[in-house]
Structure formats: C-alpha cells, structure tokens
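Inspection log for the structure reproduced underneath, given as structure tokens.
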Amino acid sequence: MKSLPADYFSVFGISPQLALDLPELQRQFYVLSKQHHPDRFARASTEQQRYALDFTSLLNDAWRVFRDPVARAEYLLKLKGYDTPDGRSNDGRASSVPTELLEEVFELNMALEEARDGDSNAKHQVAEALKHFTALRESLDRERDQIFAAYDSSKQEFHLDALRSLLHRRRYIDNLVRDAQQALS
Amino acid sequence: MAYSDKVLDHYNHPRNVGSMDKSDSAVGTGMVGAPECGDVMKLQIKVNPLTGIIDDAKFKTFGCGSAIASSSLATEWLKGKTVDEALTIKNTDIVNELALPPVKIHCSVLAEDAIKAAISDYKIKQGADVAALAQAH
C-alpha cells in the first residue's frame, strides 16, 4: 500500500519552510482535494479508498495549520525538534519572557482587576493598554515575517530559537488582548 | 479537576497578598510568568539588614488557583528564613505540601523561580549598595 506523506509539507510536495504563498497554496489545496476526493474512489479497492480518505484528512489538517502563520511556525518548530507545546523547555523551567514585558503584563492585570470592580479610571487604563498591546502584537508579527524570510533563505537554527521566543511573547500578548477586550465589552 | 483542601485554603484565604516598595534596598522583587497560561507572579521579600533574615514577604499572582496557592505558601515559608535558607526551597516541596497534580507542577516551578528572582534582585541591590558606598569614600 502507498504510504502517506510523512508531514504536512510533503502533503503539498514542498520542503519545510516558514513563508508560504497562501493564494498559491490554496490553489494546490483545491487541486489535491479534487485529486484525492474519496468520492472518486467509490469503486476502487478498499485499500485505495482508505488511502484517499486518509490523504484527504491529512490534507485538510495541513491546510488548516498552514494558513495560520502562528500555527504553521509552531508546526515547523515541532518538526525540527522544538517540542514544547506548553511553552516549557525539557527541564521544566518556564521559557523566559523579558522582565519589562512581565511588568507591563502585571500592570495590565492590575488594571483589569480594578476595571472588573467597576473602577472607571481603570477602564480607561485598560483601553489604553489594549491599544498598546495590539500595536505590540502587530510589530511582533512584522518581526515574525522577517524571521520567516531569514530562516527560509539560510535554514540556520538560531532563527528558530528567535522564532520560538517570539511566539512565547506573542501568546502572552494574545491572552492579554483577549482579556482586555472582554473587560471592555 | 479537583483542588486539594490546602490549595483551596490558600486560594480562598491567600496569605501575604500585597506589595512593597521595590526601590527599597532591603526589598527584593521577583517577577516571573508563564506565557502559555498568561500567569504572572510578583513575589517580594524584605530582608533585615542586620540579621539577614527575611522579615516580610508579599505576593500578587494573576493565574490559576494552584499558582496563587503556590506563591501564597512560598511567602509563608520565606518569612523567618535567611536568604540562603530560602534558596533551598524547592518546587517539589510545594508540590508535596499542596498535593499538586502533575498538570499543575509548573505552578510550583513558577513559585520557585519567583523566590530565586526575588533573592537575586535583593543580592544585586546589596552589591550595588556596597559599590555605591565604596564610590562615596
């Protein structure tokens, strides 16, 4: 029996990379979906039917992960042995986040707590912080795209270290933005 | 997931919540966080300069019940210890005391990291003080 592609990149017949041409990938996705659609194998052997089904589900997973740059980056990191889905290194230590960011996070949490207690001043503070963190997230995303390009052209591991640390900071900010939006709604 | 009675006790009646003046040279501040759950923990110690004993400890944690309980317990343990004794507190001690389940062990690691960060901040300040003193003379 034909064996399934070993990873999401092989599903699309590309080498592991971070920057992807999404419109082109989407076209590929449609082509492959059509090619391997289980309906086309209704009268094929059980083995072929099985393969079509498995391939299609792998293809759907791959497309879902690839179209989100953060999920895609996490996937590639995992593939390269950076297996830290919970953000911890192997010795169980929390990955380091810059102290200045922690202090900002702490201040925002204080403001959120006060805003929940009905302090209108704090609400204003949360709104300001939300603006700040949204802008911070945008700048991280620009930085991320630069790392994507740098890694793809050089394939040097240290870019992945930088990427991993960036994703940790981003996740923090993501949670905060969500909390702040909830507090203001 | 069920929390142990001890976790619930610390969560419902956290000890030593608050903050101290972080510019005070006798105060060491540790700020640590876990991005994956958005936890952030601030732990402070105030050291008696004559005895080297931690007179007071305060914390403020934004996070889950286990993170709050771990830091609350840590401040209780810190009081009355010397700085060097405080460094021997291990996250596993916190795990055992609070009966934390495996998925919450990272909360105890965070508390241990916070203790170490606070002590390191205090030591740096003391070193800086000595340097400033030497400079003045």
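The chains in the structure tokens are called A, B, ... from first to last as shown; in each chain the residues are counted from 1, and the ligands are counted from 1 in the order shown.
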
At most 10 Å to chain A: residues in chain B, only C-alpha atoms, as number ranges by chain | B: 30-42, 60-63, 105-107, 109-110, 112-113

Closest of A:Tyr8, A:Tyr51, A:Phe133, A:Phe29 to Lys78 (chain A) - atom-to-atom distances counting only C-alpha atoms =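 Under the stated criterion, the closest residue is A:Tyr8.
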
When you draw a straight line from CA of Asp129 (chain B) to CA of Val47 (chain B), how long is it in Å?
-> 14.2 Å

Selection: 10 Å around Ala122 (chain A), only C-alpha atoms, excl. self and same-chain fewer than 4 positions, as a PyMOL selection string = chain A and resi 108+110-118+126-128

If we count only C-alpha atoms, what is near region 12-21 of chain A at a cut-off of 6 Å, once residues fewer than 3 positions away on the same chain are taken out, given as a list of chain:residue names?
-> A:Phe9, A:Glu24, A:Phe148, A:Asp152

In region 7-66 of chain B, DSSP alpha helix (DSSP H) residues written as a PyMOL selection string | chain B and resi 7-12+65-66

Polymer residues at most 10 Å from Arg15 (chain B), only C-alpha atoms, same-chain spacing of 5 or more positions, as an MDAnalysis selection string = chainID B and resid 9:10 57:59 68:69 71:76

Selected residues written out, N, CA and C atoms, as a PDB file, in the first residue's frame:
ATOM      1  N   ASP B   9      -7.648  26.309  50.464  1.00  0.00           N
ATOM      2  CA  ASP B   9      -7.457  27.179  51.621  1.00  0.00           C
ATOM      3  C   ASP B   9      -6.615  28.398  51.245  1.00  0.00           C
ATOM      4  N   HIS B  10      -5.502  28.169  50.544  1.00  0.00           N
ATOM      5  CA  HIS B  10      -4.643  29.289  50.148  1.00  0.00           C
ATOM      6  C   HIS B  10      -5.327  30.160  49.102  1.00  0.00           C
ATOM      7  N   ALA B  57       7.313  39.011  53.513  1.00  0.00           N
ATOM      8  CA  ALA B  57       7.208  38.555  52.129  1.00  0.00           C
ATOM      9  C   ALA B  57       5.799  38.857  51.639  1.00  0.00           C
ATOM     10  N   LYS B  58       5.709  39.339  50.410  1.00  0.00           N
ATOM     11  CA  LYS B  58       4.399  39.660  49.823  1.00  0.00           C
ATOM     12  C   LYS B  58       4.335  39.112  48.406  1.00  0.00           C
ATOM     13  N   PHE B  59       3.118  38.834  47.964  1.00  0.00           N
ATOM     14  CA  PHE B  59       2.985  38.389  46.578  1.00  0.00           C
ATOM     15  C   PHE B  59       1.692  38.900  45.983  1.00  0.00           C
ATOM     16  N   ILE B  68      -1.739  30.683  42.534  1.00  0.00           N
ATOM     17  CA  ILE B  68      -1.966  31.553  43.692  1.00  0.00           C
ATOM     18  C   ILE B  68      -1.567  30.828  44.975  1.00  0.00           C
ATOM     19  N   ALA B  69      -1.998  29.576  45.100  1.00  0.00           N
ATOM     20  CA  ALA B  69      -1.674  28.807  46.305  1.00  0.00           C
ATOM     21  C   ALA B  69      -0.162  28.602  46.438  1.00  0.00           C
ATOM     22  N   SER B  71       2.289  30.493  45.361  1.00  0.00           N
ATOM     23  CA  SER B  71       3.006  31.702  45.774  1.00  0.00           C
ATOM     24  C   SER B  71       2.619  32.115  47.187  1.00  0.00           C
ATOM     25  N   SER B  72       1.371  31.872  47.550  1.00  0.00           N
ATOM     26  CA  SER B  72       0.938  32.174  48.919  1.00  0.00           C
ATOM     27  C   SER B  72       1.734  31.338  49.921  1.00  0.00           C
ATOM     28  N   LEU B  73       1.839  30.054  49.638  1.00  0.00           N
ATOM     29  CA  LEU B  73       2.609  29.149  50.505  1.00  0.00           C
ATOM     30  C   LEU B  73       4.076  29.573  50.557  1.00  0.00           C
ATOM     31  N   ALA B  74       4.612  29.967  49.399  1.00  0.00           N
ATOM     32  CA  ALA B  74       6.023  30.373  49.340  1.00  0.00           C
ATOM     33  C   ALA B  74       6.278  31.546  50.284  1.00  0.00           C
ATOM     34  N   THR B  75       5.377  32.531  50.296  1.00  0.00           N
ATOM     35  CA  THR B  75       5.604  33.694  51.177  1.00  0.00           C
ATOM     36  C   THR B  75       5.561  33.269  52.643  1.00  0.00           C
ATOM     37  N   GLU B  76       4.691  32.304  52.953  1.00  0.00           N
ATOM     38  CA  GLU B  76       4.634  31.812  54.340  1.00  0.00           C
ATOM     39  C   GLU B  76       5.957  31.178  54.734  1.00  0.00           C
TER      40      GLU B  76
END

Run DSSP on the backbone and grab whatever in chain B lands in strand (DSSP E or B); send it over as a CSV table (one decimal) with C-alpha atoms, in the first residue's frame.
chain,number,residue,atom,x,y,z
B,17,VAL,CA,-1.1,39.5,49.4
B,27,VAL,CA,13.4,44.7,49.3
B,28,GLY,CA,14.0,42.1,46.6
B,29,THR,CA,11.4,41.7,43.8
B,30,GLY,CA,10.9,38.7,41.6
B,31,MET,CA,8.6,38.9,38.6
B,32,VAL,CA,8.0,35.7,36.7
B,33,GLY,CA,5.5,34.5,34.2
B,34,ALA,CA,4.2,31.6,32.1
B,39,ASP,CA,0.1,33.6,34.5
B,40,VAL,CA,2.2,36.4,36.1
B,41,MET,CA,3.6,36.3,39.6
B,42,LYS,CA,5.2,39.0,41.6
B,43,LEU,CA,6.9,38.0,44.8
B,44,GLN,CA,8.8,40.3,47.2
B,45,ILE,CA,11.0,39.8,50.2
B,46,LYS,CA,12.1,42.3,52.8
B,47,VAL,CA,15.4,41.4,54.5
B,53,ILE,CA,16.6,37.2,57.9
B,54,ILE,CA,13.5,37.7,55.7
B,55,ASP,CA,11.2,39.7,57.8
B,56,ASP,CA,8.4,40.1,55.4
B,57,ALA,CA,7.2,38.6,52.1
B,58,LYS,CA,4.4,39.7,49.8
B,59,PHE,CA,3.0,38.4,46.6
B,60,LYS,CA,0.4,39.1,43.9
B,61,THR,CA,-0.4,36.5,41.4
B,62,PHE,CA,-2.6,36.6,38.4
B,82,THR,CA,17.7,33.6,56.0
